[in-house]
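**Q** Pasting structure_18.txt below, which is compact mmCIF, C-alpha atoms.
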```txt
# COMPACT_ATOMS: atom_id res chain seq x y z
CA MET E 26 -95.07 64.86 43.58
CA ASP E 27 -95.62 68.54 44.24
CA PRO E 28 -94.73 71.09 41.49
CA LEU E 29 -91.83 72.62 43.46
CA THR E 30 -90.06 69.29 43.98
CA HIS E 31 -90.72 68.38 40.34
CA GLY E 32 -89.18 71.69 39.22
CA VAL E 33 -86.10 71.32 41.42
CA ILE E 34 -85.40 67.81 40.13
CA VAL E 35 -85.82 68.89 36.50
CA PHE E 36 -83.62 71.96 37.02
CA CYS E 37 -80.80 69.93 38.62
CA ALA E 38 -80.96 67.27 35.89
CA ALA E 39 -80.74 69.97 33.21
CA CYS E 40 -77.76 71.63 34.93
CA ILE E 41 -75.87 68.34 34.95
CA ALA E 42 -76.90 67.56 31.37
CA GLY E 43 -75.77 71.00 30.13
CA ALA E 44 -72.42 70.58 31.87
CA VAL E 45 -71.84 67.06 30.51
CA ASN E 46 -72.83 68.15 26.99
CA SER E 47 -70.37 71.04 27.17
CA VAL E 48 -67.43 68.81 28.09
CA ALA E 49 -68.09 65.51 26.32
CA GLY E 50 -71.70 65.05 25.23
CA GLY E 51 -74.25 62.62 26.59
CA GLY E 52 -76.16 64.88 28.93
CA SER E 53 -79.42 63.47 27.58
CA LEU E 54 -78.72 60.28 29.48
CA VAL E 55 -79.28 62.33 32.64
CA SER E 56 -82.14 64.59 31.64
CA PHE E 57 -84.18 62.27 29.40
CA PRO E 58 -84.57 59.40 31.91
CA THR E 59 -85.39 61.98 34.59
CA LEU E 60 -88.35 63.27 32.56
CA VAL E 61 -89.58 59.71 31.96
CA TRP E 62 -89.20 58.91 35.67
CA LEU E 63 -91.28 61.99 36.48
CA GLY E 64 -94.09 60.62 34.35
CA LEU E 65 -93.67 62.21 30.91
CA PRO E 66 -94.33 59.84 27.94
CA SER E 67 -91.06 58.83 26.27
CA ILE E 68 -91.69 60.58 22.94
CA ALA E 69 -92.76 63.79 24.68
CA ALA E 70 -89.80 63.47 27.06
CA ASN E 71 -87.39 63.14 24.15
CA ALA E 72 -88.84 66.16 22.34
CA THR E 73 -88.95 68.22 25.53
CA ASN E 74 -85.38 67.26 26.35
CA THR E 75 -84.14 68.35 22.91
CA VAL E 76 -85.88 71.72 23.05
CA ALA E 77 -84.79 72.38 26.64
CA LEU E 78 -81.11 71.50 26.17
CA TRP E 79 -80.66 73.48 22.96
CA PRO E 80 -80.11 76.80 24.78
CA GLY E 81 -77.48 74.99 26.86
CA ALA E 82 -75.62 74.15 23.65
CA LEU E 83 -75.66 77.83 22.71
CA GLY E 84 -74.30 78.68 26.16
CA ALA E 85 -71.48 76.17 25.65
CA VAL E 86 -70.68 77.68 22.22
CA TRP E 87 -70.40 81.10 23.87
CA GLY E 88 -68.15 79.60 26.53
CA TYR E 89 -65.76 78.35 23.83
CA ARG E 90 -65.96 81.47 21.65
CA ARG E 91 -62.21 82.14 21.89
CA GLU E 92 -61.33 78.65 20.67
CA LEU E 93 -63.83 78.91 17.79
CA ARG E 94 -62.05 81.97 16.38
CA ASN E 95 -59.16 79.72 15.34
CA THR E 96 -61.32 77.13 13.58
CA GLU E 97 -60.65 76.59 9.88
CA GLN E 98 -63.31 78.17 7.68
CA ARG E 99 -63.82 74.97 5.69
CA MET E 100 -64.87 73.14 8.85
CA TYR E 101 -68.05 75.21 8.99
CA ALA E 102 -69.26 73.20 5.99
CA LEU E 103 -70.10 70.49 8.54
CA THR E 104 -73.03 72.60 9.73
CA VAL E 105 -74.88 71.81 6.47
CA PRO E 106 -75.19 68.02 7.02
CA SER E 107 -75.84 68.77 10.70
CA VAL E 108 -78.97 70.76 9.84
CA ILE E 109 -80.15 68.31 7.17
CA GLY E 110 -79.56 65.31 9.43
CA GLY E 111 -81.31 66.98 12.36
CA ILE E 112 -84.45 67.49 10.27
CA ILE E 113 -84.43 63.90 9.02
CA GLY E 114 -83.92 62.54 12.53
CA ALA E 115 -86.77 64.59 13.95
CA LEU E 116 -89.09 63.29 11.22
CA LEU E 117 -88.02 59.71 11.96
CA LEU E 118 -88.78 60.14 15.65
CA ARG E 119 -92.37 61.05 14.87
CA LEU E 120 -92.99 58.68 11.96
CA THR E 121 -91.05 55.48 12.67
CA PRO E 122 -90.39 53.10 15.60
CA GLY E 123 -86.89 53.24 16.98
CA ALA E 124 -86.27 49.65 18.13
CA LEU E 125 -83.61 48.84 15.54
CA PHE E 126 -81.90 52.19 15.90
CA ASP E 127 -81.82 51.79 19.67
CA ARG E 128 -79.89 48.54 19.22
CA LEU E 129 -77.29 50.28 17.07
CA VAL E 130 -76.78 53.29 19.34
CA PRO E 131 -74.59 51.60 22.02
CA VAL E 132 -72.38 50.08 19.32
CA LEU E 133 -71.97 53.44 17.58
CA ILE E 134 -71.07 55.21 20.81
CA LEU E 135 -68.65 52.47 21.84
CA PHE E 136 -66.97 52.54 18.42
CA ALA E 137 -66.67 56.32 18.49
CA THR E 138 -65.23 56.30 22.01
CA VAL E 139 -62.59 53.72 21.09
CA LEU E 140 -61.80 55.72 17.96
CA PHE E 141 -61.35 58.87 20.02
CA MET E 142 -59.22 56.98 22.55
CA ILE E 143 -56.77 55.87 19.84
CA GLN E 144 -56.82 59.25 18.09
CA GLU E 145 -53.08 59.96 18.43
CA PRO E 146 -51.77 56.66 16.99
CA VAL E 147 -54.35 56.89 14.18
CA GLN E 148 -53.16 60.41 13.31
CA ARG E 149 -49.53 59.23 13.33
CA MET E 150 -50.49 56.36 11.03
CA PHE E 151 -52.04 58.74 8.51
CA ASN E 152 -49.32 61.32 9.24
CA ARG E 153 -51.49 64.19 8.05
CA SER E 154 -52.86 67.41 9.48
CA PRO E 155 -56.07 69.25 8.54
CA ARG E 156 -54.31 71.61 6.14
CA HIS E 157 -52.91 68.67 4.12
CA ARG E 158 -56.25 66.99 3.65
CA GLY E 159 -58.22 67.49 0.49
CA GLY E 160 -61.85 67.41 -0.49
CA ARG E 161 -62.23 63.64 -0.03
CA TRP E 162 -61.51 63.84 3.69
CA LEU E 163 -63.96 66.69 4.16
CA ALA E 164 -66.61 64.95 2.04
CA GLY E 165 -66.25 61.82 4.16
CA ALA E 166 -66.55 63.89 7.32
CA MET E 167 -69.70 65.58 5.98
CA PHE E 168 -71.29 62.20 5.21
CA PHE E 169 -70.47 60.93 8.69
CA GLN E 170 -71.82 64.16 10.18
CA LEU E 171 -75.06 63.62 8.26
CA ILE E 172 -75.46 60.25 10.00
CA VAL E 173 -74.65 61.86 13.35
CA GLY E 174 -77.21 64.57 12.59
CA VAL E 175 -79.93 62.01 11.87
CA TYR E 176 -79.20 60.26 15.16
CA GLY E 177 -79.04 63.60 16.96
CA GLY E 178 -82.43 64.66 15.65
CA TYR E 179 -83.86 61.27 16.60
CA PHE E 180 -82.49 60.98 20.15
CA GLY E 181 -79.10 62.66 20.52
CA ALA E 182 -77.32 60.96 23.42
CA GLY E 183 -73.71 60.49 22.35
CA ILE E 184 -73.52 62.84 19.37
CA GLY E 185 -70.73 64.70 21.14
CA ILE E 186 -68.58 61.56 21.27
CA LEU E 187 -69.28 60.83 17.60
CA MET E 188 -68.42 64.36 16.50
CA LEU E 189 -65.23 64.45 18.56
CA ALA E 190 -64.20 61.21 16.87
CA VAL E 191 -64.62 62.59 13.35
CA LEU E 192 -62.77 65.79 14.28
CA ALA E 193 -59.92 63.66 15.62
CA ILE E 194 -59.70 61.67 12.39
CA LEU E 195 -59.61 64.95 10.46
CA GLY E 196 -56.43 65.72 12.37
CA HIS E 197 -57.56 68.07 15.11
CA ASP E 198 -55.71 67.65 18.39
CA ASP E 199 -56.70 70.72 20.43
CA ILE E 200 -59.36 69.25 22.72
CA HIS E 201 -60.74 72.64 23.72
CA GLN E 202 -61.15 73.81 20.13
CA MET E 203 -62.71 70.45 19.28
CA ASN E 204 -65.16 70.80 22.14
CA GLY E 205 -66.13 74.29 21.03
CA PHE E 206 -66.77 73.23 17.44
CA LYS E 207 -68.55 70.07 18.58
CA ASN E 208 -70.93 72.24 20.60
CA LEU E 209 -71.58 74.43 17.56
CA LEU E 210 -72.48 71.40 15.44
CA ALA E 211 -74.66 70.00 18.23
CA ALA E 212 -76.51 73.32 18.42
CA SER E 213 -77.15 73.09 14.66
CA VAL E 214 -78.49 69.53 14.87
CA ASN E 215 -80.65 70.09 17.93
CA GLY E 216 -81.83 73.52 16.79
CA VAL E 217 -83.68 72.28 13.72
CA ALA E 218 -84.97 69.20 15.57
CA ALA E 219 -86.23 71.43 18.39
CA ALA E 220 -87.99 73.72 15.91
CA TYR E 221 -89.78 70.71 14.40
CA PHE E 222 -90.84 69.37 17.80
CA VAL E 223 -92.21 72.78 18.77
CA TRP E 224 -94.07 73.06 15.46
CA MET E 225 -95.60 69.61 15.97
CA ARG E 226 -96.56 70.47 19.59
CA MET E 227 -94.61 67.56 21.04
CA VAL E 228 -93.10 69.34 24.06
CA SER E 229 -94.04 70.03 27.68
CA TRP E 230 -93.48 73.78 28.00
CA ALA E 231 -93.54 73.84 31.80
CA ASP E 232 -90.51 71.53 31.88
CA VAL E 233 -88.81 73.30 28.98
CA ALA E 234 -88.73 76.63 30.80
CA VAL E 235 -87.08 75.18 33.91
CA MET E 236 -84.68 72.88 32.04
CA ALA E 237 -83.52 75.55 29.59
CA THR E 238 -82.40 77.78 32.47
CA GLY E 239 -80.51 74.93 34.10
CA ALA E 240 -78.92 73.79 30.82
CA ILE E 241 -77.63 77.28 30.00
CA LEU E 242 -76.11 77.63 33.46
CA GLY E 243 -74.53 74.17 33.40
CA GLY E 244 -73.19 74.53 29.85
CA ALA E 245 -71.61 77.96 30.35
CA VAL E 246 -70.00 77.09 33.68
CA ALA E 247 -68.64 73.74 32.47
CA ALA E 248 -67.06 75.31 29.38
CA GLY E 249 -65.07 77.67 31.57
CA VAL E 250 -64.01 74.88 33.91
CA ALA E 251 -63.00 72.55 31.06
CA ARG E 252 -60.75 75.21 29.54
CA ARG E 253 -58.72 75.32 32.76
CA LEU E 254 -58.14 71.57 32.79
CA GLU E 255 -55.25 69.83 31.07
CA ALA E 256 -56.09 68.38 27.66
CA ARG E 257 -55.29 64.88 28.96
CA THR E 258 -57.80 65.27 31.79
CA VAL E 259 -60.57 66.37 29.43
CA ARG E 260 -59.80 63.46 27.10
CA ARG E 261 -60.15 61.05 30.01
CA ILE E 262 -63.52 62.59 30.86
CA VAL E 263 -64.66 62.21 27.25
CA ILE E 264 -63.58 58.55 27.12
CA THR E 265 -65.14 57.74 30.49
CA VAL E 266 -68.45 59.34 29.52
CA GLY E 267 -68.43 57.47 26.20
CA PHE E 268 -67.97 54.04 27.78
CA ALA E 269 -70.52 54.87 30.50
CA MET E 270 -73.12 55.89 27.91
CA ALA E 271 -72.57 52.75 25.85
CA ALA E 272 -72.90 50.56 28.94
CA ALA E 273 -75.99 52.40 30.17
CA LEU E 274 -77.75 52.02 26.82
CA MET E 275 -76.86 48.33 26.62
CA VAL E 276 -78.30 47.76 30.10
CA ARG E 277 -81.37 49.75 29.15
CA ARG E 278 -81.93 47.50 26.15
```
Just dump the structure as structure tokens.

**A**
Amino acid sequence: MDPLTHGVIVFCAACIAGAVNSVAGGGSLVSFPTLVWLGLPSIAANATNTVALWPGALGAVWGYRRELRNTEQRMYALTVPSVIGGIIGALLLRLTPGALFDRLVPVLILFATVLFMIQEPVQRMFNRSPRHRGGRWLAGAMFFQLIVGVYGGYFGAGIGILMLAVLAILGHDDIHQMNGFKNLLAASVNGVAAAYFVWMRMVSWADVAVMATGAILGGAVAAGVARRLEARTVRRIVITVGFAMAAALMVRR
């Protein structure tokens, strides 16, 4: 394949991945297989994908900047386990085989999608809102976010679904604000993992440059489009993407 065609395919895949990550998460299921199909070894493809899509996450955060202004200050504590988990996950990718973790990933994504789908009845059952929840709820969320961070540093497909699920259980019901904060946490997880991959020279820089541009464009544009949609429509997109990712990973196994 000639370099121009290669670059166009990588750019388009990154645009789609950045857009999907902005709205629901799971863009890696577009960009990562594309890199492997183009001939990049799987470990290098994973590292390259993480580094390339990180700027797209920043673009999505910028796109949701208005919604983030209304986020509770205590919620920013979730960035701590995000960073720690991202580092651990990146180390695991380099040092350990991922066969067992790969088997768990579809189940985790499916569980999180179902959890997000039944968010409203679950919130009614607990009959609580974020301001009524004490330290135990936040501590539980931080522990869950640590697990999400480890997975995100290791591979990352589906972390958006998992983070939206934990935000729902914490009582958040504004899908646009949830998406904005989810993108911020994803940027934290992938940022430290990307730094490690760069340090360990695990990335293909030619692909990173093209993909980063596409991911930023896709993430910023999708954030603006998602804000104009009804909350119910965005929720349906999130649920559809979650089930699709779970099914795709099961078939892949």

**Q** Given all atoms listed in the file as the basis, pick out the residue of E:Val35, E:Ile109, E:Val76, E:Ala42 nearest to Trp230 of chain E.

**A**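 Going through E:Val35, E:Ile109, E:Val76, E:Ala42 one by one, the smallest distance to Trp230 of chain E is for E:Val76.
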
**Q** For Val217 of chain E, find every residue with an atom within 7 Å (counting all atoms listed in the file), except residues of its own chain fewer than 5 positions away, and show them as a PyMOL selection string.

**A** chain E and resi 108+111-112

**Q** Give the answer as one residue: which of E:Ala85, E:Ala193, E:Thr59, E:Phe168 has the shortest atom-to-atom distance to Val33 of chain E, using only C-alpha atoms?

**A**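 The answer is E:Thr59, which sits nearest to Val33 of chain E.
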
**Q** Given all atoms listed in the file as the basis, pick out the residue of E:Gly165, E:Gly181, E:Gly52, E:Pro80 nearest to Leu103 of chain E.

**A**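 Using all atoms listed in the file, the shortest distance to Leu103 of chain E belongs to E:Gly165.
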
**Q** Enter the distance from atom CA of Arg257 of chain E to atom CA of Leu209 of chain E, in Å, rounded to one decimal.

**A**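 Those two atoms sit 22.1 Å apart.
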
**Q** Taking into account only C-alpha atoms, which residue in the set E:Pro131, E:Gly110, E:Gly205, E:Gly81 is nearest to Val276 of chain E?

**A**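 Closest candidate: E:Pro131.
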
**Q** Quote the spacing between atom CA of Met270 of chain E and atom CA of Thr138 of chain E in Å to one decimal place.

**A**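 About the pair atom CA of Met270 of chain E and atom CA of Thr138 of chain E: they are 9.9 Å apart.
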